[in-house]
file my_file_27.pdb (PDB, C-alpha atoms and all ligand atoms)
ATOM      1  CA  MET U 859      96.990 147.726  14.573
ATOM      2  CA  ILE U 860      97.319 149.620  17.856
ATOM      3  CA  THR U 861     100.312 148.628  19.944
ATOM      4  CA  LEU U 862     102.186 150.511  22.625
ATOM      5  CA  GLU U 863     104.635 147.694  23.355
ATOM      6  CA  ASP U 864     107.826 148.975  25.079
ATOM      7  CA  LYS U 865     106.327 152.486  25.445
ATOM      8  CA  THR U 866     106.024 154.541  28.630
ATOM      9  CA  ALA U 867     102.862 156.555  29.311
ATOM     10  CA  LEU U 868     101.689 159.040  31.933
ATOM     11  CA  VAL U 869      97.941 159.526  32.472
ATOM     12  CA  THR U 870      97.038 162.406  34.784
ATOM     13  CA  GLY U 871      93.966 162.023  37.006
ATOM     14  CA  ALA U 872      93.930 158.290  36.330
ATOM     15  CA  SER U 873      92.310 157.020  39.534
ATOM     16  CA  ARG U 874      88.768 157.159  38.129
ATOM     17  CA  GLY U 875      86.554 158.003  35.153
ATOM     18  CA  ILE U 876      88.082 158.660  31.722
ATOM     19  CA  GLY U 877      91.631 158.630  33.107
ATOM     20  CA  ARG U 878      91.165 155.195  34.660
ATOM     21  CA  ALA U 879      89.730 153.693  31.454
ATOM     22  CA  THR U 880      92.584 155.291  29.497
ATOM     23  CA  ALA U 881      95.237 153.834  31.800
ATOM     24  CA  ILE U 882      93.663 150.385  31.331
ATOM     25  CA  ALA U 883      93.513 150.772  27.521
ATOM     26  CA  LEU U 884      97.137 151.949  27.255
ATOM     27  CA  ALA U 885      98.348 149.117  29.510
ATOM     28  CA  ALA U 886      96.334 146.580  27.482
ATOM     29  CA  ALA U 887      98.153 147.838  24.367
ATOM     30  CA  GLY U 888     101.466 147.101  26.100
ATOM     31  CA  ALA U 889     102.526 150.437  27.634
ATOM     32  CA  HIS U 890     104.105 150.834  31.060
ATOM     33  CA  VAL U 891     101.577 153.245  32.569
ATOM     34  CA  LEU U 892     102.266 155.824  35.264
ATOM     35  CA  VAL U 893      98.939 156.238  37.054
ATOM     36  CA  HIS U 894      98.844 159.797  38.394
ATOM     37  CA  TYR U 895      96.382 160.732  41.139
ATOM     38  CA  GLY U 896      95.660 163.773  43.296
ATOM     39  CA  ARG U 897      94.250 162.464  46.564
ATOM     40  CA  SER U 898      92.750 159.041  45.733
ATOM     41  CA  LYS U 899      95.706 156.864  46.704
ATOM     42  CA  GLN U 900      93.598 153.765  47.339
ATOM     43  CA  GLU U 901      91.854 153.889  43.937
ATOM     44  CA  ALA U 902      95.164 154.508  42.153
ATOM     45  CA  GLU U 903      96.837 151.591  43.896
ATOM     46  CA  SER U 904      93.925 149.272  43.161
ATOM     47  CA  LEU U 905      94.119 150.293  39.468
ATOM     48  CA  VAL U 906      97.861 149.514  39.427
ATOM     49  CA  ALA U 907      97.111 146.108  40.993
ATOM     50  CA  GLU U 908      94.379 145.455  38.398
ATOM     51  CA  ILE U 909      96.752 146.271  35.512
ATOM     52  CA  GLN U 910      99.464 144.078  37.013
ATOM     53  CA  ARG U 911      97.025 141.176  37.538
ATOM     54  CA  LYS U 912      96.318 141.298  33.792
ATOM     55  CA  GLY U 913     100.061 141.058  33.075
ATOM     56  CA  GLY U 914     100.628 144.796  32.458
ATOM     57  CA  HIS U 915     103.065 147.284  33.966
ATOM     58  CA  ALA U 916     102.010 150.280  36.068
ATOM     59  CA  ASP U 917     103.122 152.538  38.935
ATOM     60  CA  ALA U 918     101.130 155.089  40.937
ATOM     61  CA  ILE U 919     102.448 158.623  41.467
ATOM     62  CA  SER U 920     100.841 161.618  43.149
ATOM     63  CA  ALA U 921     100.798 165.425  42.883
ATOM     64  CA  ASP U 922      98.161 168.133  43.250
ATOM     65  CA  LEU U 923      98.098 169.686  39.778
ATOM     66  CA  ALA U 924      96.069 172.693  40.987
ATOM     67  CA  THR U 925      99.057 173.975  42.968
ATOM     68  CA  ALA U 926     101.816 176.166  41.513
ATOM     69  CA  GLU U 927     104.462 173.529  42.147
ATOM     70  CA  GLY U 928     102.328 170.460  41.258
ATOM     71  CA  ALA U 929     103.513 170.031  37.661
ATOM     72  CA  ALA U 930     107.195 170.205  38.604
ATOM     73  CA  LEU U 931     106.669 167.719  41.457
ATOM     74  CA  LEU U 932     104.923 165.279  39.125
ATOM     75  CA  ALA U 933     107.513 165.671  36.353
ATOM     76  CA  LYS U 934     110.298 164.908  38.834
ATOM     77  CA  GLN U 935     108.648 161.594  39.770
ATOM     78  CA  VAL U 936     108.018 160.754  36.110
ATOM     79  CA  ARG U 937     111.644 161.357  35.165
ATOM     80  CA  ALA U 938     112.793 159.161  38.066
ATOM     81  CA  LEU U 939     110.614 156.294  36.787
ATOM     82  CA  VAL U 940     111.062 156.521  33.000
ATOM     83  CA  GLY U 941     114.636 157.792  32.769
ATOM     84  CA  ASP U 942     115.071 159.854  29.634
ATOM     85  CA  ARG U 943     112.016 158.810  27.623
ATOM     86  CA  LEU U 944     108.250 159.412  27.931
ATOM     87  CA  ASP U 945     106.369 158.188  24.848
ATOM     88  CA  VAL U 946     102.789 159.100  25.764
ATOM     89  CA  LEU U 947     101.447 161.955  27.893
ATOM     90  CA  VAL U 948      97.689 162.080  28.510
ATOM     91  CA  LEU U 949      96.569 165.397  29.997
ATOM     92  CA  ASN U 950      93.318 164.184  31.524
ATOM     93  CA  ALA U 951      93.051 165.609  35.078
ATOM     94  CA  GLY U 952      90.403 168.287  35.211
ATOM     95  CA  ILE U 953      87.566 169.810  37.187
ATOM     96  CA  SER U 954      84.225 171.267  36.148
ATOM     97  CA  LYS U 955      81.772 173.789  37.563
ATOM     98  CA  LEU U 956      78.157 174.349  36.625
ATOM     99  CA  ALA U 957      76.660 177.599  37.963
ATOM    100  CA  ARG U 958      74.673 180.662  37.017
ATOM    101  CA  ILE U 959      77.071 183.303  35.693
ATOM    102  CA  ALA U 960      76.174 185.598  38.613
ATOM    103  CA  ASP U 961      77.137 182.890  41.094
ATOM    104  CA  TYR U 962      80.677 182.165  39.851
ATOM    105  CA  THR U 963      83.339 183.373  42.296
ATOM    106  CA  VAL U 964      86.892 184.469  41.533
ATOM    107  CA  GLU U 965      88.033 181.377  43.426
ATOM    108  CA  ASP U 966      85.917 179.078  41.202
ATOM    109  CA  PHE U 967      87.391 180.714  38.114
ATOM    110  CA  ASP U 968      90.989 180.508  39.370
ATOM    111  CA  ASN U 969      90.588 176.862  40.442
ATOM    112  CA  LEU U 970      89.250 175.921  36.997
ATOM    113  CA  PHE U 971      92.117 177.607  35.173
ATOM    114  CA  ALA U 972      94.771 176.359  37.629
ATOM    115  CA  THR U 973      93.746 172.719  37.155
ATOM    116  CA  ASN U 974      92.602 172.635  33.529
ATOM    117  CA  VAL U 975      95.087 175.026  31.878
ATOM    118  CA  ARG U 976      98.026 176.012  34.111
ATOM    119  CA  GLY U 977      98.627 172.388  35.204
ATOM    120  CA  PRO U 978      98.877 171.023  31.624
ATOM    121  CA  PHE U 979     100.943 174.048  30.456
ATOM    122  CA  PHE U 980     103.625 173.563  33.093
ATOM    123  CA  LEU U 981     103.523 169.765  32.959
ATOM    124  CA  VAL U 982     104.432 169.862  29.265
ATOM    125  CA  GLN U 983     107.115 172.458  30.023
ATOM    126  CA  GLN U 984     108.609 170.262  32.749
ATOM    127  CA  LEU U 985     108.448 167.046  30.695
ATOM    128  CA  LEU U 986     109.986 168.451  27.502
ATOM    129  CA  PRO U 987     113.402 166.962  28.331
ATOM    130  CA  VAL U 988     111.936 163.420  28.229
ATOM    131  CA  LEU U 989     109.623 163.886  25.216
ATOM    132  CA  GLY U 990     111.126 163.314  21.767
ATOM    133  CA  GLU U 991     110.788 161.900  18.255
ATOM    134  CA  GLY U 992     107.676 159.661  18.230
ATOM    135  CA  SER U 993     106.198 160.933  21.513
ATOM    136  CA  SER U 994     102.468 161.686  21.538
ATOM    137  CA  ILE U 995     100.592 164.110  23.784
ATOM    138  CA  VAL U 996      96.807 163.753  24.055
ATOM    139  CA  ALA U 997      94.785 166.390  25.936
ATOM    140  CA  ILE U 998      91.234 165.692  27.086
ATOM    141  CA  SER U 999      89.251 168.729  26.009
ATOM    142  CA  SER U1000      85.449 168.823  25.807
ATOM    143  CA  ALA U1001      82.701 169.333  23.262
ATOM    144  CA  VAL U1002      81.855 172.509  25.188
ATOM    145  CA  ALA U1003      85.082 174.133  23.946
ATOM    146  CA  ARG U1004      83.254 174.684  20.644
ATOM    147  CA  THR U1005      79.550 174.108  21.313
ATOM    148  CA  VAL U1006      77.141 175.888  23.618
ATOM    149  CA  VAL U1007      75.323 173.244  25.644
ATOM    150  CA  GLY U1008      72.328 173.682  27.902
ATOM    151  CA  LYS U1009      70.024 176.668  27.683
ATOM    152  CA  PRO U1010      71.738 180.007  27.043
ATOM    153  CA  GLY U1011      70.516 182.870  29.272
ATOM    154  CA  LEU U1012      71.596 184.527  32.501
ATOM    155  CA  GLU U1013      69.156 182.598  34.694
ATOM    156  CA  ASN U1014      70.342 179.142  33.622
ATOM    157  CA  PRO U1015      73.279 177.183  35.037
ATOM    158  CA  SER U1016      76.194 177.414  32.646
ATOM    159  CA  VAL U1017      79.578 175.773  32.094
ATOM    160  CA  LEU U1018      80.964 179.014  30.650
ATOM    161  CA  ALA U1019      84.142 179.243  32.737
ATOM    162  CA  TYR U1020      84.850 175.508  32.363
ATOM    163  CA  ALA U1021      84.218 175.729  28.607
ATOM    164  CA  SER U1022      86.724 178.566  28.328
ATOM    165  CA  THR U1023      89.403 176.448  30.045
ATOM    166  CA  LYS U1024      88.889 173.787  27.377
ATOM    167  CA  GLY U1025      89.067 176.448  24.636
ATOM    168  CA  ALA U1026      92.400 177.533  26.121
ATOM    169  CA  LEU U1027      93.565 173.908  26.267
ATOM    170  CA  GLU U1028      92.767 173.430  22.565
ATOM    171  CA  THR U1029      94.730 176.607  21.764
ATOM    172  CA  LEU U1030      97.690 175.123  23.642
ATOM    173  CA  VAL U1031      97.294 171.865  21.700
ATOM    174  CA  ARG U1032      97.424 173.595  18.291
ATOM    175  CA  ASN U1033     100.438 175.665  19.320
ATOM    176  CA  TRP U1034     102.284 172.756  20.940
ATOM    177  CA  ALA U1035     101.681 170.759  17.740
ATOM    178  CA  ALA U1036     103.306 173.530  15.660
ATOM    179  CA  ILE U1037     106.193 174.106  18.061
ATOM    180  CA  LEU U1038     106.991 170.464  18.830
ATOM    181  CA  GLY U1039     106.180 168.945  15.414
ATOM    182  CA  PRO U1040     109.650 169.560  13.944
ATOM    183  CA  GLY U1041     110.997 167.466  16.844
ATOM    184  CA  GLY U1042     108.695 164.572  15.884
ATOM    185  CA  ILE U1043     106.272 165.087  18.791
ATOM    186  CA  ARG U1044     102.548 164.894  17.961
ATOM    187  CA  VAL U1045      99.938 166.760  20.032
ATOM    188  CA  ASN U1046      96.174 166.245  19.751
ATOM    189  CA  ALA U1047      92.985 166.772  21.711
ATOM    190  CA  VAL U1048      89.986 164.524  22.209
ATOM    191  CA  ALA U1049      86.729 166.391  22.793
ATOM    192  CA  PRO U1050      84.244 164.158  24.635
ATOM    193  CA  GLY U1051      80.534 164.858  24.785
ATOM    194  CA  VAL U1052      78.640 163.674  27.855
ATOM    195  CA  ILE U1053      80.427 160.731  29.473
ATOM    196  CA  ASP U1054      79.096 158.812  32.450
ATOM    197  CA  THR U1055      81.618 159.671  35.214
ATOM    198  CA  ASP U1056      81.588 161.348  38.648
ATOM    199  CA  MET U1057      82.027 164.706  36.880
ATOM    200  CA  SER U1058      78.834 164.492  34.838
ATOM    201  CA  ASN U1059      76.479 163.888  37.766
ATOM    202  CA  PHE U1060      73.439 165.094  35.814
ATOM    203  CA  THR U1061      73.550 161.826  33.837
ATOM    204  CA  LYS U1062      72.507 160.102  37.068
ATOM    205  CA  THR U1063      68.958 161.475  36.796
ATOM    206  CA  GLU U1064      66.369 160.492  34.188
ATOM    207  CA  ALA U1065      65.826 164.164  33.232
ATOM    208  CA  GLY U1066      69.560 164.727  32.827
ATOM    209  CA  ARG U1067      69.942 161.634  30.676
ATOM    210  CA  GLU U1068      67.110 162.823  28.443
ATOM    211  CA  VAL U1069      68.835 166.193  27.905
ATOM    212  CA  ALA U1070      72.103 164.428  27.041
ATOM    213  CA  LEU U1071      70.425 161.960  24.664
ATOM    214  CA  GLY U1072      68.499 164.793  23.015
ATOM    215  CA  MET U1073      71.799 166.415  21.980
ATOM    216  CA  GLN U1074      73.263 163.271  20.406
ATOM    217  CA  ALA U1075      72.727 161.295  17.190
ATOM    218  CA  LEU U1076      73.607 158.011  18.923
ATOM    219  CA  LYS U1077      71.096 157.275  21.667
ATOM    220  CA  ARG U1078      73.094 156.078  24.633
ATOM    221  CA  ILE U1079      75.240 157.841  27.248
ATOM    222  CA  GLY U1080      78.963 157.799  26.476
ATOM    223  CA  LYS U1081      81.273 155.601  28.570
ATOM    224  CA  PRO U1082      84.871 156.288  29.666
ATOM    225  CA  GLU U1083      86.017 153.414  27.393
ATOM    226  CA  ASP U1084      84.587 155.277  24.354
ATOM    227  CA  ILE U1085      87.179 157.990  24.998
ATOM    228  CA  ALA U1086      89.994 155.684  26.120
ATOM    229  CA  ASP U1087      90.042 153.755  22.818
ATOM    230  CA  VAL U1088      90.478 156.983  20.826
ATOM    231  CA  VAL U1089      93.230 158.175  23.171
ATOM    232  CA  ALA U1090      95.041 154.838  22.703
ATOM    233  CA  PHE U1091      94.763 155.261  18.919
ATOM    234  CA  LEU U1092      96.134 158.842  19.029
ATOM    235  CA  ALA U1093      98.930 157.696  21.337
ATOM    236  CA  SER U1094      99.997 154.980  18.915
ATOM    237  CA  ASP U1095     101.883 155.038  15.626
ATOM    238  CA  ALA U1096      98.582 154.240  13.869
ATOM    239  CA  ALA U1097      97.921 158.007  14.258
ATOM    240  CA  ARG U1098     101.422 158.981  13.058
ATOM    241  CA  TRP U1099     100.105 161.575  10.538
ATOM    242  CA  ILE U1100      97.668 163.276  12.919
ATOM    243  CA  THR U1101      98.770 166.316  14.893
ATOM    244  CA  GLY U1102      97.161 169.576  16.004
ATOM    245  CA  ALA U1103      93.703 167.983  15.752
ATOM    246  CA  SER U1104      90.772 168.030  18.140
ATOM    247  CA  ILE U1105      88.680 164.924  17.587
ATOM    248  CA  PRO U1106      85.033 165.022  18.730
ATOM    249  CA  VAL U1107      84.126 161.764  20.488
ATOM    250  CA  ASP U1108      80.551 162.517  21.425
ATOM    251  CA  GLY U1109      78.058 160.195  19.727
ATOM    252  CA  GLY U1110      77.282 162.878  17.153
ATOM    253  CA  SER U1111      76.569 165.688  19.591
ATOM    254  CA  LYS U1112      74.611 168.681  18.210
ATOM    255  CA  LEU U1113      74.651 167.365  14.626
TER     256      LEU U1113
HETATM  257  P1  LIG G1201      86.388 162.694  37.047
HETATM  258  O1  LIG G1201      86.008 163.769  37.979
HETATM  259  O2  LIG G1201      85.918 161.306  37.281
HETATM  260  O3  LIG G1201      87.972 162.628  36.872
HETATM  261  C1  LIG G1201      88.802 163.758  36.964
HETATM  262  C2  LIG G1201      90.170 163.300  37.425
HETATM  263  O4  LIG G1201      91.036 164.439  37.553
HETATM  264  C3  LIG G1201      90.106 162.630  38.814
HETATM  265  O5  LIG G1201      90.938 161.492  38.819
HETATM  266  C4  LIG G1201      90.667 163.704  39.735
HETATM  267  O6  LIG G1201      91.304 163.188  40.879
HETATM  268  C5  LIG G1201      91.682 164.387  38.814
HETATM  269  N1  LIG G1201      92.004 165.717  39.300
HETATM  270  C6  LIG G1201      91.164 166.784  39.400
HETATM  271  N2  LIG G1201      91.813 167.812  39.964
HETATM  272  C7  LIG G1201      93.081 167.400  40.226
HETATM  273  C8  LIG G1201      94.221 168.004  40.812
HETATM  274  N3  LIG G1201      94.189 169.252  41.287
HETATM  275  N4  LIG G1201      95.357 167.283  40.925
HETATM  276  C9  LIG G1201      95.395 166.009  40.487
HETATM  277  N5  LIG G1201      94.353 165.374  39.923
HETATM  278  C10 LIG G1201      93.213 166.064  39.801
HETATM  279  O7  LIG G1201      85.882 163.186  35.621
HETATM  280  P2  LIG G1201      86.106 162.640  34.134
HETATM  281  O8  LIG G1201      84.820 162.806  33.457
HETATM  282  O9  LIG G1201      86.776 161.317  34.120
HETATM  283  O10 LIG G1201      87.098 163.777  33.573
HETATM  284  C11 LIG G1201      88.326 163.505  32.912
HETATM  285  C12 LIG G1201      88.583 164.603  31.893
HETATM  286  O11 LIG G1201      87.576 164.547  30.882
HETATM  287  C13 LIG G1201      88.518 166.020  32.460
HETATM  288  O12 LIG G1201      89.551 166.820  31.902
HETATM  289  C14 LIG G1201      87.162 166.519  32.011
HETATM  290  O13 LIG G1201      87.125 167.921  31.912
HETATM  291  C15 LIG G1201      87.040 165.835  30.672
HETATM  292  N6  LIG G1201      85.663 165.711  30.152
HETATM  293  C16 LIG G1201      84.707 164.998  30.822
HETATM  294  C17 LIG G1201      83.426 164.891  30.280
HETATM  295  C18 LIG G1201      82.310 164.131  30.961
HETATM  296  O14 LIG G1201      81.148 164.225  30.502
HETATM  297  N7  LIG G1201      82.582 163.355  32.004
HETATM  298  C19 LIG G1201      83.124 165.524  29.073
HETATM  299  C20 LIG G1201      84.115 166.240  28.425
HETATM  300  C21 LIG G1201      85.385 166.315  28.972
END

call {"tool": "encode", "arguments": {"input": "my_file_27.pdb", "output": "structure tokens"}}
result
Amino acid sequence: MITLEDKTALVTGASRGIGRATAIALAAAGAHVLVHYGRSKQEAESLVAEIQRKGGHADAISADLATAEGAALLAKQVRALVGDRLDVLVLNAGISKLARIADYTVEDFDNLFATNVRGPFFLVQQLLPVLGEGSSIVAISSAVARTVVGKPGLENPSVLAYASTKGALETLVRNWAAILGPGGIRVNAVAPGVIDTDMSNFTKTEAGREVALGMQALKRIGKPEDIADVVAFLASDAARWITGASIPVDGGSKL
């Protein structure tokens, strides 16, 4: 039975997509959810209101996690709201970039790593004082960390730089699990396949949907809730013996 009663949870990038569905799932399981957002104040506040209308507890907090000081700014707000205890940390905020390898710029590359790797690294560093025995960290990776999707070749658009940020994130997850395990902190990754959100805009076209469905055993496009339910499980004591794992949640992608 999944319950997060009396637990506190932070979900980064929670104003929309997978983060939003995750915030809703964690609140439905009883957690007090800190809804982090970058710029979308209105969406974050309407999510908080939605959770509260359903009898849950939530607060919205903001920081730009692509900046050098973003993680520390966010951690400061978290500590002010939860005191000395954060039970669940969901590292969800992320950006993607699809381009031919020749077209990637240094700025694209740096932005991807700043948001998808540096942000999570320093957020965990800054939140260590409030994480402890029984806390669970869940990072949203991607199937592309381990699988080549799309057509390989120099002329085709590629997610190579994005994929390498998720590979780095999974390396952090395995190492955090080893380092923090003796303190009773579990750390896992969820690796979604194609999920219907603003990020995966190719699922909005018939051709794009066909490509996505062609890669999967299950023949529908994934939804944010498909990921959120697994995150809620990993966050809960039902997953108490799972750490250092990366769980594919992708409808049987590339089987
Ligand atoms: P999305 O674009 O809807 O959501 C991304 C969230 O991250 C947004 O709330 C955005 O505001 C936030 N964010 C981005 N940069 C930020 C910054 N600098 N500071 C603060 N917040 C920032 O996309 P999504 O699909 O919901 O993505 C959520 C996570 O899932 C990402 O880590 C993404 O890489 C991963 N993922 C998505 C898919 C997919 O198919 N949609 C597949 C695999 C993995």

call {"tool": "axis_aligned_box", "arguments": {"input": "my_file_27.pdb", "around": "ligand LIG 1201 (chain G)", "padding_each_side": "5 Å", "output": "AutoDock Vina command-line options"}}
result
--center_x 88.3 --center_y 165.3 --center_z 34.9 --size_x 24.2 --size_y 17.9 --size_z 22.9

call {"tool": "resolve_selection", "arguments": {"input": "my_file_27.pdb", "expression": "the PyMOL selection byres (((chain U and resi 1031) around 8) and not hetatm)", "output": "VMD selection string"}}
result
chain U and resid 997 1027 to 1030 1032 to 1035 1045 to 1047 1102 to 1103

call {"tool": "closest_atom_pairs", "arguments": {"input": "my_file_27.pdb", "of": "chain U", "to": "ligand LIG 1201 (chain G)", "cutoff": "6 Å", "atoms": "all atoms listed in the file", "output": "JSON lines"}}
result
{"residue": "U:Gly871", "atom": "CA", "partner": "G:LIG1201", "partner_atom": "O5", "distance": 3.6}
{"residue": "U:Ala872", "atom": "CA", "partner": "G:LIG1201", "partner_atom": "O5", "distance": 5.0}
{"residue": "U:Ser873", "atom": "CA", "partner": "G:LIG1201", "partner_atom": "O5", "distance": 4.7}
{"residue": "U:Arg874", "atom": "CA", "partner": "G:LIG1201", "partner_atom": "O5", "distance": 4.9}
{"residue": "U:Gly875", "atom": "CA", "partner": "G:LIG1201", "partner_atom": "O9", "distance": 3.5}
{"residue": "U:Ile876", "atom": "CA", "partner": "G:LIG1201", "partner_atom": "O9", "distance": 3.8}
{"residue": "U:Gly877", "atom": "CA", "partner": "G:LIG1201", "partner_atom": "O9", "distance": 5.6}
{"residue": "U:Tyr895", "atom": "CA", "partner": "G:LIG1201", "partner_atom": "N5", "distance": 5.2}
{"residue": "U:Gly896", "atom": "CA", "partner": "G:LIG1201", "partner_atom": "C9", "distance": 3.6}
{"residue": "U:Ala921", "atom": "CA", "partner": "G:LIG1201", "partner_atom": "C9", "distance": 5.9}
{"residue": "U:Asp922", "atom": "CA", "partner": "G:LIG1201", "partner_atom": "N4", "distance": 3.7}
{"residue": "U:Leu923", "atom": "CA", "partner": "G:LIG1201", "partner_atom": "N4", "distance": 3.8}
{"residue": "U:Ala924", "atom": "CA", "partner": "G:LIG1201", "partner_atom": "N3", "distance": 3.9}
{"residue": "U:Asn950", "atom": "CA", "partner": "G:LIG1201", "partner_atom": "O12", "distance": 4.6}
{"residue": "U:Ala951", "atom": "CA", "partner": "G:LIG1201", "partner_atom": "O4", "distance": 3.4}
{"residue": "U:Gly952", "atom": "CA", "partner": "G:LIG1201", "partner_atom": "O12", "distance": 3.7}
{"residue": "U:Ile953", "atom": "CA", "partner": "G:LIG1201", "partner_atom": "C6", "distance": 5.2}
{"residue": "U:Thr973", "atom": "CA", "partner": "G:LIG1201", "partner_atom": "N3", "distance": 5.4}
{"residue": "U:Ile998", "atom": "CA", "partner": "G:LIG1201", "partner_atom": "O12", "distance": 5.2}
{"residue": "U:Ser999", "atom": "CA", "partner": "G:LIG1201", "partner_atom": "C21", "distance": 5.4}
{"residue": "U:Ser1000", "atom": "CA", "partner": "G:LIG1201", "partner_atom": "C20", "distance": 3.9}
{"residue": "U:Pro1050", "atom": "CA", "partner": "G:LIG1201", "partner_atom": "C20", "distance": 4.3}
{"residue": "U:Gly1051", "atom": "CA", "partner": "G:LIG1201", "partner_atom": "C19", "distance": 5.1}
{"residue": "U:Val1052", "atom": "CA", "partner": "G:LIG1201", "partner_atom": "O14", "distance": 3.7}
{"residue": "U:Ile1053", "atom": "CA", "partner": "G:LIG1201", "partner_atom": "O14", "distance": 3.7}
{"residue": "U:Asp1054", "atom": "CA", "partner": "G:LIG1201", "partner_atom": "N7", "distance": 5.7}
{"residue": "U:Thr1055", "atom": "CA", "partner": "G:LIG1201", "partner_atom": "O8", "distance": 4.8}
{"residue": "U:Asp1056", "atom": "CA", "partner": "G:LIG1201", "partner_atom": "O2", "distance": 4.5}
{"residue": "U:Met1057", "atom": "CA", "partner": "G:LIG1201", "partner_atom": "O1", "distance": 4.2}
{"residue": "U:Ser1058", "atom": "CA", "partner": "G:LIG1201", "partner_atom": "N7", "distance": 4.8}

call {"tool": "resolve_selection", "arguments": {"input": "my_file_27.pdb", "expression": "the PyMOL selection byres (((chain U and resi 1020) around 9) and not hetatm)", "output": "PyMOL selection string"}}
result
chain U and resi 953-956+967+970-971+974+1002-1003+1016-1019+1021-1025

call {"tool": "residues_around", "arguments": {"input": "my_file_27.pdb", "residues": "Gly990 in chain U", "least_positions_apart": "2", "cutoff": "10 Å", "atoms": "only C-alpha atoms", "output": "JSON, numbers by chain"}}
result
{"U": [942, 943, 944, 945, 986, 987, 988, 992, 993, 994, 1038, 1039, 1041, 1042, 1043, 1044]}

call {"tool": "write_last_selection", "arguments": {"input": "my_file_27.pdb", "atoms": "C-alpha atoms", "output": "compact mmCIF listing (two decimals), in the coordinates of the input"}}
result
# COMPACT_ATOMS: atom_id res chain seq x y z
CA ASP U 942 115.07 159.85 29.63
CA ARG U 943 112.02 158.81 27.62
CA LEU U 944 108.25 159.41 27.93
CA ASP U 945 106.37 158.19 24.85
CA LEU U 986 109.99 168.45 27.50
CA PRO U 987 113.40 166.96 28.33
CA VAL U 988 111.94 163.42 28.23
CA GLY U 992 107.68 159.66 18.23
CA SER U 993 106.20 160.93 21.51
CA SER U 994 102.47 161.69 21.54
CA LEU U 1038 106.99 170.46 18.83
CA GLY U 1039 106.18 168.94 15.41
CA GLY U 1041 111.00 167.47 16.84
CA GLY U 1042 108.70 164.57 15.88
CA ILE U 1043 106.27 165.09 18.79
CA ARG U 1044 102.55 164.89 17.96

call {"tool": "closest_residue", "arguments": {"input": "my_file_27.pdb", "among": "U:Met1073, U:Ala926, U:Leu862, U:Ala957", "to": "Asp1095 in chain U", "atoms": "only C-alpha atoms"}}
result
U:Leu862

call {"tool": "atom_distance", "arguments": {"input": "my_file_27.pdb", "atom1": "CA of Ala883 in chain U", "atom2": "CA of Val982 in chain U"}}
result
22.1 Å

call {"tool": "resolve_selection", "arguments": {"input": "my_file_27.pdb", "expression": "the PyMOL selection byres (((chain U and resi 909-919) around 6) and not hetatm)", "output": "PyMOL selection string"}}
result
chain U and resi 885+890-894+906-908+920

call {"tool": "atom_distance", "arguments": {"input": "my_file_27.pdb", "atom1": "CA of Leu868 in chain U", "atom2": "CA of Leu932 in chain U"}}
result
10.1 Å

call {"tool": "atom_distance", "arguments": {"input": "my_file_27.pdb", "atom1": "CA of Gly977 in chain U", "atom2": "CA of Ile995 in chain U"}}
result
14.2 Å

call {"tool": "closest_residue", "arguments": {"input": "my_file_27.pdb", "among": "U:Lys1081, U:Arg878, U:Phe1060, U:Val948", "to": "Gly1008 in chain U", "atoms": "all atoms listed in the file"}}
result
U:Phe1060
